[in-house]
file query-v5.tsv (TSV, C-alpha atoms and all ligand atoms)
chain	number	residue	atom	x	y	z
A	1	MET	CA	-15.81	-19.06	-6.90
A	2	LEU	CA	-14.38	-17.00	-9.78
A	3	VAL	CA	-14.15	-13.37	-8.65
A	4	LEU	CA	-13.10	-10.31	-10.64
A	5	GLY	CA	-11.34	-7.67	-8.52
A	6	ILE	CA	-11.01	-4.02	-9.55
A	7	GLU	CA	-8.64	-1.51	-7.92
A	8	SER	CA	-8.69	2.17	-8.92
A	9	SER	CA	-8.20	4.14	-5.68
A	10	CYS	CA	-5.19	6.15	-6.83
A	11	ASP	CA	-3.17	6.17	-10.06
A	12	ASP	CA	-3.11	2.47	-10.95
A	13	LEU	CA	-6.06	0.73	-12.55
A	14	SER	CA	-5.63	-2.96	-11.83
A	15	MET	CA	-7.92	-5.94	-12.42
A	16	ALA	CA	-7.48	-9.57	-11.43
A	17	LEU	CA	-9.28	-12.88	-11.46
A	18	VAL	CA	-9.09	-15.12	-8.40
A	19	ARG	CA	-10.70	-18.54	-8.07
A	20	ASP	CA	-10.90	-20.20	-4.64
A	21	GLY	CA	-8.07	-18.03	-3.31
A	22	GLN	CA	-5.79	-18.74	-6.28
A	23	LEU	CA	-4.75	-15.92	-8.57
A	24	LEU	CA	-5.40	-16.65	-12.27
A	25	ALA	CA	-4.22	-13.33	-13.74
A	26	ASN	CA	-3.59	-9.70	-12.80
A	27	VAL	CA	-3.34	-6.79	-15.25
A	28	THR	CA	-2.32	-3.26	-14.23
A	29	ALA	CA	-2.57	-0.10	-16.32
A	30	SER	CA	0.05	2.13	-14.72
A	31	GLN	CA	-0.02	5.93	-15.00
A	32	THR	CA	3.49	6.62	-13.71
A	33	VAL	CA	4.46	8.40	-16.95
A	34	ASP	CA	1.34	10.61	-16.83
A	35	HIS	CA	2.04	11.89	-13.31
A	36	ALA	CA	5.86	11.92	-13.27
A	37	PRO	CA	6.13	15.45	-14.76
A	38	PHE	CA	4.08	16.77	-11.82
A	39	GLY	CA	6.11	14.97	-9.12
A	40	GLY	CA	2.96	13.38	-7.69
A	41	VAL	CA	-0.49	12.07	-8.56
A	42	VAL	CA	-2.85	14.63	-10.14
A	43	PRO	CA	-6.37	13.43	-9.17
A	44	GLU	CA	-8.16	14.82	-12.24
A	45	ILE	CA	-5.68	13.14	-14.60
A	46	ALA	CA	-5.86	9.87	-12.65
A	47	SER	CA	-9.63	9.45	-12.97
A	48	ARG	CA	-9.67	10.37	-16.66
A	49	ARG	CA	-6.87	7.95	-17.47
A	50	HIS	CA	-8.72	5.20	-15.54
A	51	LEU	CA	-11.71	5.74	-17.84
A	52	ASP	CA	-9.44	5.38	-20.88
A	53	HIS	CA	-7.98	2.11	-19.56
A	54	LEU	CA	-11.13	0.29	-18.36
A	55	GLU	CA	-12.06	-1.70	-21.45
A	56	ASN	CA	-8.54	-2.67	-22.48
A	57	THR	CA	-7.57	-3.76	-18.99
A	58	LEU	CA	-10.59	-6.07	-18.74
A	59	SER	CA	-10.05	-7.51	-22.25
A	60	LEU	CA	-6.39	-8.18	-21.53
A	61	LEU	CA	-7.24	-9.82	-18.21
A	62	LEU	CA	-9.78	-12.17	-19.80
A	63	GLU	CA	-7.34	-13.02	-22.57
A	64	LYS	CA	-4.51	-13.70	-20.11
A	65	SER	CA	-6.64	-15.87	-17.82
A	66	GLY	CA	-8.40	-17.75	-20.64
A	67	GLU	CA	-11.73	-17.20	-18.86
A	68	PRO	CA	-14.78	-15.72	-20.61
A	69	LEU	CA	-16.57	-12.84	-18.87
A	70	SER	CA	-19.63	-15.08	-18.52
A	71	ALA	CA	-17.65	-17.38	-16.17
A	72	VAL	CA	-17.27	-14.59	-13.54
A	73	GLN	CA	-19.34	-15.47	-10.45
A	74	GLY	CA	-18.73	-12.39	-8.32
A	75	ILE	CA	-17.25	-8.89	-8.55
A	76	ALA	CA	-15.26	-6.91	-5.99
A	77	ALA	CA	-14.10	-3.30	-6.31
A	78	THR	CA	-12.32	-0.86	-4.00
A	79	TYR	CA	-14.80	1.68	-2.57
A	80	ALA	CA	-12.65	3.41	0.12
A	81	PRO	CA	-10.38	5.11	1.01
A	82	GLY	CA	-8.74	6.97	-1.87
A	83	LEU	CA	-9.23	9.71	-4.45
A	84	VAL	CA	-12.98	9.93	-4.95
A	85	GLY	CA	-12.82	10.51	-8.71
A	86	SER	CA	-10.51	7.54	-9.14
A	87	LEU	CA	-12.54	5.28	-6.84
A	88	LEU	CA	-15.77	6.10	-8.66
A	89	VAL	CA	-14.45	4.83	-11.99
A	90	GLY	CA	-13.56	1.31	-10.81
A	91	LEU	CA	-16.46	1.07	-8.37
A	92	ASN	CA	-19.13	2.04	-10.89
A	93	PHE	CA	-17.61	-0.19	-13.55
A	94	GLY	CA	-17.69	-3.09	-11.08
A	95	LYS	CA	-21.27	-2.43	-9.98
A	96	ALA	CA	-22.46	-2.10	-13.59
A	97	LEU	CA	-20.76	-5.37	-14.57
A	98	ALA	CA	-22.26	-7.16	-11.56
A	99	PHE	CA	-25.71	-5.88	-12.53
A	100	ALA	CA	-25.25	-6.87	-16.18
A	101	LEU	CA	-23.95	-10.36	-15.32
A	102	GLN	CA	-26.44	-10.76	-12.45
A	103	VAL	CA	-23.68	-11.80	-10.00
A	104	PRO	CA	-23.09	-10.63	-6.40
A	105	PHE	CA	-21.00	-7.52	-5.73
A	106	ARG	CA	-18.75	-6.62	-2.80
A	107	GLY	CA	-17.10	-3.25	-2.09
A	108	VAL	CA	-13.63	-3.69	-0.57
A	109	HIS	CA	-11.69	-1.43	1.81
A	110	HIS	CA	-8.31	-0.68	0.22
A	111	ILE	CA	-6.29	-1.06	3.46
A	112	GLU	CA	-8.01	-4.33	4.31
A	113	ALA	CA	-7.05	-5.59	0.84
A	114	HIS	CA	-3.40	-4.56	1.33
A	115	LEU	CA	-3.47	-6.55	4.56
A	116	TRP	CA	-4.73	-9.69	2.77
A	117	SER	CA	-2.34	-9.26	-0.17
A	118	ALA	CA	0.20	-11.13	1.99
A	119	PHE	CA	-2.02	-14.21	1.90
A	120	LEU	CA	-2.17	-14.54	-1.87
A	121	GLU	CA	1.08	-16.49	-1.44
A	122	HIS	CA	1.22	-17.47	2.25
A	123	GLU	CA	-0.82	-19.34	4.84
A	124	THR	CA	-2.67	-17.41	7.55
A	125	GLN	CA	-1.56	-17.55	11.19
A	126	PHE	CA	-3.94	-15.81	13.61
A	127	PRO	CA	-3.56	-13.63	15.56
A	128	PHE	CA	-0.94	-11.39	14.00
A	129	VAL	CA	0.37	-7.83	13.95
A	130	ALA	CA	0.07	-6.10	10.56
A	131	LEU	CA	1.87	-2.98	9.44
A	132	ILE	CA	0.34	-1.45	6.31
A	133	VAL	CA	2.62	1.17	4.80
A	134	SER	CA	1.79	2.87	1.53
A	135	GLY	CA	1.69	6.27	-0.13
A	136	GLY	CA	-1.45	7.24	1.76
A	137	HIS	CA	-1.34	5.11	4.92
A	138	SER	CA	0.85	3.91	7.76
A	139	HIS	CA	-1.29	1.79	10.04
A	140	LEU	CA	-0.55	-0.85	12.65
A	141	PHE	CA	-3.25	-3.48	13.32
A	142	TRP	CA	-3.90	-6.36	15.67
A	143	VAL	CA	-5.66	-8.98	13.53
A	144	LYS	CA	-7.58	-11.70	15.38
A	145	ALA	CA	-9.49	-13.16	12.41
A	146	PHE	CA	-10.68	-12.26	8.95
A	147	GLY	CA	-12.72	-9.05	9.37
A	148	ASP	CA	-11.62	-8.54	13.01
A	149	TYR	CA	-9.09	-5.68	13.09
A	150	GLU	CA	-8.02	-3.44	15.95
A	151	LEU	CA	-6.17	-0.28	14.97
A	152	LEU	CA	-3.20	-0.06	17.36
A	153	GLY	CA	-1.45	2.99	15.93
A	154	HIS	CA	-0.87	5.11	12.88
A	155	THR	CA	1.14	8.03	11.59
A	156	VAL	CA	0.01	11.33	13.06
A	157	ASP	CA	1.01	13.25	9.91
A	158	ASP	CA	2.53	12.03	6.62
A	159	ALA	CA	2.31	8.41	5.51
A	160	ALA	CA	5.63	6.56	5.16
A	161	GLY	CA	5.44	6.40	1.34
A	162	GLU	CA	4.40	10.04	1.18
A	163	ALA	CA	7.57	10.97	3.15
A	164	PHE	CA	9.72	8.94	0.73
A	165	ASP	CA	7.97	10.66	-2.20
A	166	LYS	CA	8.39	14.16	-0.74
A	167	VAL	CA	12.09	13.71	0.09
A	168	ALA	CA	12.69	12.27	-3.40
A	169	LYS	CA	10.90	15.24	-4.96
A	170	LEU	CA	13.00	17.67	-2.94
A	171	MET	CA	16.15	15.89	-4.13
A	172	GLY	CA	14.94	15.87	-7.75
A	173	LEU	CA	14.81	12.06	-7.90
A	174	GLY	CA	11.46	11.76	-9.66
A	175	PHE	CA	8.22	9.96	-8.86
A	176	PRO	CA	7.48	7.57	-7.23
A	177	GLY	CA	10.17	8.41	-4.72
A	178	GLY	CA	10.45	5.22	-2.65
A	179	PRO	CA	12.24	3.09	-5.26
A	180	ALA	CA	14.49	6.06	-6.24
A	181	ILE	CA	15.55	6.70	-2.62
A	182	GLU	CA	16.18	3.00	-2.07
A	183	ARG	CA	18.38	2.76	-5.19
A	184	LEU	CA	20.43	5.81	-4.22
A	185	ALA	CA	20.70	4.74	-0.56
A	186	LYS	CA	22.58	1.58	-1.61
A	187	GLN	CA	25.68	3.74	-2.26
A	188	GLY	CA	25.25	5.91	0.82
A	189	ASN	CA	26.23	6.04	4.48
A	190	PRO	CA	23.09	5.69	6.67
A	191	ASN	CA	24.91	7.18	9.69
A	192	ARG	CA	26.13	10.41	8.09
A	193	PHE	CA	23.09	12.59	8.91
A	194	GLY	CA	21.51	12.47	12.35
A	195	PHE	CA	17.74	12.28	11.93
A	196	THR	CA	15.87	12.47	15.24
A	197	ARG	CA	13.61	9.43	15.74
A	198	PRO	CA	9.91	10.27	16.23
A	199	GLN	CA	8.27	9.90	19.65
A	200	VAL	CA	4.50	10.44	19.74
A	201	LYS	CA	3.58	11.04	23.40
A	202	THR	CA	-0.12	10.17	23.09
A	203	ASN	CA	0.52	6.59	21.94
A	204	PRO	CA	3.84	4.70	21.67
A	205	LEU	CA	2.37	2.79	18.70
A	206	HIS	CA	1.81	5.98	16.72
A	207	THR	CA	4.57	7.37	14.55
A	208	SER	CA	5.36	10.51	12.59
A	209	PHE	CA	7.29	11.43	9.45
A	210	SER	CA	6.91	15.20	9.15
A	211	GLY	CA	9.94	15.98	11.36
A	212	MET	CA	12.08	13.67	9.24
A	213	LYS	CA	10.90	15.37	6.08
A	214	THR	CA	11.73	18.83	7.48
A	215	ALA	CA	15.17	17.61	8.65
A	216	ALA	CA	15.83	16.19	5.16
A	217	SER	CA	15.01	19.55	3.56
A	218	GLU	CA	17.35	21.35	6.01
A	219	PHE	CA	20.23	18.92	5.35
A	220	PHE	CA	19.55	19.28	1.62
A	221	ARG	CA	19.65	23.09	1.78
A	222	ASP	CA	22.94	23.07	3.72
A	223	LEU	CA	24.55	20.60	1.34
A	224	LYS	CA	23.37	22.34	-1.79
A	225	LYS	CA	24.44	25.89	-0.91
A	226	ASP	CA	25.42	27.48	-4.23
A	227	ARG	CA	25.72	24.26	-6.23
A	228	ALA	CA	23.31	23.41	-9.07
A	229	GLU	CA	22.80	19.96	-7.56
A	230	LEU	CA	24.10	17.82	-4.70
A	231	ALA	CA	27.45	16.06	-5.02
A	232	PRO	CA	26.65	12.36	-5.78
A	233	GLN	CA	28.03	11.07	-2.46
A	234	ASP	CA	26.12	13.72	-0.48
A	235	ALA	CA	22.90	12.72	-2.25
A	236	ALA	CA	23.52	9.01	-1.57
A	237	ASP	CA	24.33	9.67	2.11
A	238	LEU	CA	21.22	11.81	2.55
A	239	ALA	CA	19.01	9.15	0.92
A	240	ALA	CA	20.59	6.41	3.05
A	241	SER	CA	20.29	8.39	6.31
A	242	PHE	CA	16.65	9.31	5.62
A	243	GLN	CA	15.76	5.74	4.68
A	244	ALA	CA	17.42	4.42	7.85
A	245	ALA	CA	15.40	6.85	9.98
A	246	ALA	CA	12.10	6.02	8.23
A	247	VAL	CA	12.70	2.27	8.50
A	248	ASP	CA	13.72	2.63	12.14
A	249	ALA	CA	10.50	4.52	12.92
A	250	LEU	CA	8.42	1.71	11.37
A	251	ALA	CA	10.43	-1.11	12.93
A	252	THR	CA	10.15	0.59	16.35
A	253	ILE	CA	6.34	0.60	16.38
A	254	ALA	CA	6.14	-2.91	14.92
A	255	GLY	CA	8.57	-4.15	17.61
A	256	ARG	CA	6.55	-2.46	20.38
A	257	ALA	CA	3.34	-4.08	19.11
A	258	LEU	CA	5.03	-7.50	19.03
A	259	ASP	CA	6.21	-6.97	22.63
A	260	LYS	CA	2.69	-6.08	23.74
A	261	PHE	CA	0.58	-8.68	21.89
A	262	PRO	CA	1.01	-12.47	21.59
A	263	ALA	CA	1.37	-12.39	17.81
A	264	ARG	CA	1.96	-15.59	15.82
A	265	ALA	CA	3.31	-13.60	12.85
A	266	LEU	CA	4.20	-10.14	11.60
A	267	VAL	CA	2.66	-9.06	8.29
A	268	ILE	CA	3.98	-6.03	6.41
A	269	ALA	CA	2.23	-4.90	3.22
A	270	GLY	CA	1.63	-1.82	1.05
A	271	GLY	CA	4.01	-0.12	-1.38
A	272	VAL	CA	6.69	0.69	1.22
A	273	ALA	CA	6.89	-3.04	2.06
A	274	CYS	CA	8.90	-3.33	-1.22
A	275	ASN	CA	11.75	-1.60	0.60
A	276	GLY	CA	14.69	-3.94	1.19
A	277	ALA	CA	15.94	-2.11	4.30
A	278	LEU	CA	12.47	-2.39	5.88
A	279	ARG	CA	12.32	-6.10	5.00
A	280	THR	CA	15.72	-6.65	6.67
A	281	ALA	CA	14.73	-4.71	9.81
A	282	ALA	CA	11.44	-6.63	10.02
A	283	ALA	CA	13.26	-9.96	9.65
A	284	ALA	CA	15.44	-9.06	12.64
A	285	LEU	CA	12.28	-8.39	14.71
A	286	THR	CA	10.64	-11.70	13.87
A	287	GLU	CA	13.81	-13.82	14.10
A	288	ALA	CA	14.41	-12.46	17.62
A	289	ARG	CA	10.89	-13.57	18.59
A	290	GLY	CA	10.84	-16.86	16.67
A	291	ILE	CA	7.76	-15.99	14.61
A	292	PRO	CA	7.32	-15.85	10.81
A	293	LEU	CA	7.55	-12.64	8.83
A	294	ILE	CA	4.88	-12.61	6.12
A	295	LEU	CA	5.57	-10.28	3.21
A	296	PRO	CA	3.86	-10.12	-0.18
A	297	SER	CA	6.09	-10.27	-3.26
A	298	PRO	CA	6.91	-6.72	-4.40
A	299	LYS	CA	4.34	-6.95	-7.25
A	300	PHE	CA	1.58	-7.44	-4.64
A	301	CYS	CA	2.92	-4.72	-2.29
A	302	THR	CA	1.93	-1.85	-4.56
A	303	ASP	CA	-1.71	-1.40	-5.60
A	304	ASN	CA	-3.10	-4.41	-7.44
A	305	GLY	CA	-6.41	-6.00	-8.40
A	306	ALA	CA	-5.38	-9.39	-6.99
A	307	MET	CA	-5.69	-8.21	-3.38
A	308	ILE	CA	-9.17	-6.82	-4.10
A	309	ALA	CA	-10.36	-10.04	-5.77
A	310	PHE	CA	-8.83	-12.15	-2.97
A	311	THR	CA	-10.44	-10.10	-0.16
A	312	GLY	CA	-13.73	-9.73	-2.05
A	313	GLU	CA	-13.97	-13.47	-2.64
A	314	GLN	CA	-13.71	-14.16	1.10
A	315	TYR	CA	-16.63	-11.82	1.81
A	316	LEU	CA	-18.69	-13.15	-1.10
A	317	ARG	CA	-18.14	-16.74	0.06
A	318	LEU	CA	-19.48	-15.69	3.47
A	319	GLY	CA	-22.53	-14.25	1.68
A	320	GLN	CA	-21.54	-10.71	2.74
A	321	VAL	CA	-22.47	-8.69	-0.33
A	322	SER	CA	-22.72	-4.92	-0.82
A	323	PRO	CA	-25.73	-3.11	-2.31
A	324	LEU	CA	-25.33	-1.61	-5.78
A	325	THR	CA	-26.03	1.76	-4.12
A	326	LEU	CA	-22.62	1.58	-2.38
A	327	ASN	CA	-20.80	4.88	-2.86
A	328	ALA	CA	-17.10	5.80	-2.94
A	329	VAL	CA	-15.68	7.19	0.32
A	330	ALA	CA	-12.47	9.25	0.43
A	331	ARG	CA	-11.63	8.62	4.10
A	332	LEU	CA	-12.74	5.61	6.07
A	333	PRO	CA	-10.76	4.16	8.99
A	334	LEU	CA	-10.38	0.41	9.33
A	335	GLY	CA	-10.57	-1.13	12.78
A	336	ALA	CA	-10.83	2.20	14.61
B	401	LIG	O1	0.44	0.82	-1.91
B	401	LIG	P1	0.83	1.79	-2.96
B	401	LIG	O2	1.10	1.28	-4.34
B	401	LIG	O3	-0.22	2.92	-3.14
B	401	LIG	C1	-0.96	3.47	-2.09
B	401	LIG	O4	-1.97	2.85	-1.65
B	401	LIG	O5	-0.50	4.55	-1.63
B	401	LIG	O6	2.13	2.54	-2.39
B	401	LIG	C2	2.83	3.49	-3.12
B	401	LIG	C3	3.91	4.07	-2.22
B	401	LIG	C4	4.62	5.27	-2.83
B	401	LIG	O7	4.65	6.30	-1.87
B	401	LIG	C5	6.02	4.74	-3.12
B	401	LIG	O8	7.03	5.72	-3.05
B	401	LIG	C6	6.18	3.70	-2.03
B	401	LIG	O9	4.92	3.09	-1.94
B	401	LIG	N1	7.22	2.72	-2.38
B	401	LIG	C7	8.38	2.57	-1.69
B	401	LIG	C8	9.13	1.60	-2.40
B	401	LIG	N2	8.39	1.18	-3.47
B	401	LIG	C9	7.23	1.88	-3.44
B	401	LIG	N3	8.83	3.19	-0.59
B	401	LIG	C10	10.06	2.84	-0.14
B	401	LIG	N4	10.85	1.93	-0.77
B	401	LIG	C11	10.43	1.30	-1.89
B	401	LIG	N5	11.22	0.42	-2.50
B	402	ZN	ZN	-2.45	1.10	-1.73
call {"tool": "encode", "arguments": {"input": "query-v5.tsv", "output": "structure tokens", "more": "lines below"}}
Ligand code: KG4
Ligand code: ZN
result
Amino acid sequence: MLVLGIESSCDDLSMALVRDGQLLANVTASQTVDHAPFGGVVPEIASRRHLDHLENTLSLLLEKSGEPLSAVQGIAATYAPGLVGSLLVGLNFGKALAFALQVPFRGVHHIEAHLWSAFLEHETQFPFVALIVSGGHSHLFWVKAFGDYELLGHTVDDAAGEAFDKVAKLMGLGFPGGPAIERLAKQGNPNRFGFTRPQVKTNPLHTSFSGMKTAASEFFRDLKKDRAELAPQDAADLAASFQAAAVDALATIAGRALDKFPARALVIAGGVACNGALRTAAAALTEARGIPLILPSPKFCTDNGAMIAFTGEQYLRLGQVSPLTLNAVARLPLGA
């Protein structure tokens, strides 16, 4: 079945065509340059830029894939969670196209799509533990089958990517912060600054990043004193020490989940899954347990239309369609 997937939950508008689980093409209209001056995503700008990019993104996708619009047999679009203005643009475009083409439509949960992004390139092994870490989410799931998710734990405050972005902003490294921190950390000493590791008493599978963020701002203030900016080695050591603490927090909850559940694999997805230090820490967890580590390629870790088309196609093949009255939802837990 040829399915068009549309993702617009935050600042990237991305569309993809998937046929029978195989990706034909993916086109993303990025807005990084529009938001960079503000050090974060400005919702009003994001939705307006999505509107500007809709037609071109679809034309480019059709051109790249060699498929005419009339060949599309189903449409999937993200409907939750995310910035409502941004979600509405992609969702309404998808619903209108489905109505015009008279093909079935499926709304897709953004976190569920991140989870399945790993299977664009890998085989599925049920049951597995999945850690979804992005700019808005840090969630740990027990996945028994497609559509069967149990939320084991989550961050109790900032998301992992949000913490990377905030520390990068504080250090004047630009937006998005994750890749900037990772680059700088390569030259730094991860043991120089002692970041306390989070312990959430209510659930050992929960985690927290706000303490780490506060500690980073205190270290930064002490290092900066009267200087205009940090000395390069101080900046690299701070980035490396923060990254080590953030990765450790994520690896700790993933390791605890693997100890508790008979998982056949560990899946890590979402923007923060691009991080090399996290990938290395996760590999140590799975090697010790003799199970595979399933990671999407970096291009499928950050927001993309491919994961929406892939997830949507599975629902559409099961005949599980959404009504064209489906609305955008800013917050919607998965598996809770
Ligand atoms: O999944 P995504 O594209 O969007 C959301 O759904 O939020 O994730 C974006 C997040 C940003 O916070 C960004 O800083 C983070 O992923 N990120 C990284 C890296 N690349 C992107 N964080 C740490 N290390 C990276 N290499
Ligand atoms: Zn995302």
call {"tool": "axis_aligned_box", "arguments": {"input": "query-v5.tsv", "around": "range 240-248 of chain A", "padding_each_side": "4 Å", "output": "JSON"}}
result
{"center_x": 16.3, "center_y": 5.8, "center_z": 7.6, "size_x": 16.5, "size_y": 15.0, "size_z": 17.1}
call {"tool": "closest_residue", "arguments": {"input": "query-v5.tsv", "among": "A:Ser241, A:Lys260, A:Gly174, A:Ala235", "to": "Ala36 in chain A", "atoms": "only C-alpha atoms"}}
result
A:Gly174
call {"tool": "residues_around", "arguments": {"input": "query-v5.tsv", "residues": "range 25-32 of chain A", "least_positions_apart": "6", "cutoff": "9 Å", "atoms": "only C-alpha atoms", "output": "list in words"}}
result
Asp11, Asp12, Leu13, Ser14, Met15, Ala16, Leu17, Val18, Val41, Ala46, Arg49, His50, His53, Leu54, Asn56, Thr57, Leu58, Leu60, Leu61, Leu62, Lys64, Ser65, Phe175, Pro176, Asp303, Asn304, Gly305 and Ala306 of chain A
call {"tool": "residues_near_ligand", "arguments": {"input": "query-v5.tsv", "ligand": "ligand LIG 401 (chain B)", "cutoff": "7 Å", "atoms": "all atoms listed in the file", "output": "ChimeraX atom specification"}}
result
/A:10,134-137,161-162,164-165,176-179,181-182,270-276,301-303
call {"tool": "closest_residue", "arguments": {"input": "query-v5.tsv", "among": "A:Ile45, A:Leu250, A:Leu295, A:Ala98", "to": "Val133 in chain A", "atoms": "all atoms listed in the file"}}
result
A:Leu250
call {"tool": "closest_residue", "arguments": {"input": "query-v5.tsv", "among": "A:Ala257, A:Leu278, A:Ala328, A:Ala240", "to": "Phe141 in chain A", "atoms": "all atoms listed in the file"}}
result
A:Ala257
call {"tool": "closest_residue", "arguments": {"input": "query-v5.tsv", "among": "A:Arg256, A:His154, A:His109, A:His35", "to": "ligand ZN 402 (chain B)", "atoms": "all atoms listed in the file"}}
result
A:His109
call {"tool": "closest_residue", "arguments": {"input": "query-v5.tsv", "among": "A:Val103, A:Leu140, A:Leu238, A:Ala71", "to": "Val267 in chain A", "atoms": "all atoms listed in the file"}}
result
A:Leu140
call {"tool": "residues_around", "arguments": {"input": "query-v5.tsv", "residues": "Gly90 in chain A", "least_positions_apart": "5", "cutoff": "10 Å", "atoms": "only C-alpha atoms", "output": "list in words"}}
result
Gly5, Ile6, Glu7, Ser8, Ser9, Leu13, Ser14, Met15, Ser47, His50, Leu51, Leu54, Ala76, Ala77, Thr78, Tyr79, Gly85, Lys95, Ala96 and Ala328 of chain A
call {"tool": "closest_residue", "arguments": {"input": "query-v5.tsv", "among": "A:Phe300, A:Tyr149, A:Phe310, A:Trp142", "to": "ligand ZN 402 (chain B)", "atoms": "all atoms listed in the file"}}
result
A:Phe300
call {"tool": "residues_near_point", "arguments": {"input": "query-v5.tsv", "point": "(0.6, -6.3, 2.4)", "cutoff": "6 Å", "atoms": "only C-alpha atoms", "output": "list in words"}}
result
His114, Leu115, Ser117, Ala118, Ile268, Ala269, Gly270, Pro296 and Cys301 of chain A
call {"tool": "atom_distance", "arguments": {"input": "query-v5.tsv", "atom1": "CA of Ile253 in chain A", "atom2": "CA of Val200 in chain A"}}
result
10.6 Å
call {"tool": "residues_around", "arguments": {"input": "query-v5.tsv", "residues": "Glu218 in chain A", "least_positions_apart": "6", "cutoff": "12 Å", "atoms": "all atoms listed in the file", "output": "VMD selection string"}}
result
chain A and resid 167 170 to 171 193 to 195 211 to 212 224 to 225 238
call {"tool": "residues_around", "arguments": {"input": "query-v5.tsv", "residues": "Leu184 in chain A", "least_positions_apart": "3", "cutoff": "7 Å", "atoms": "only C-alpha atoms", "output": "ChimeraX atom specification"}}
result
/A:180-181,187-188,236,239
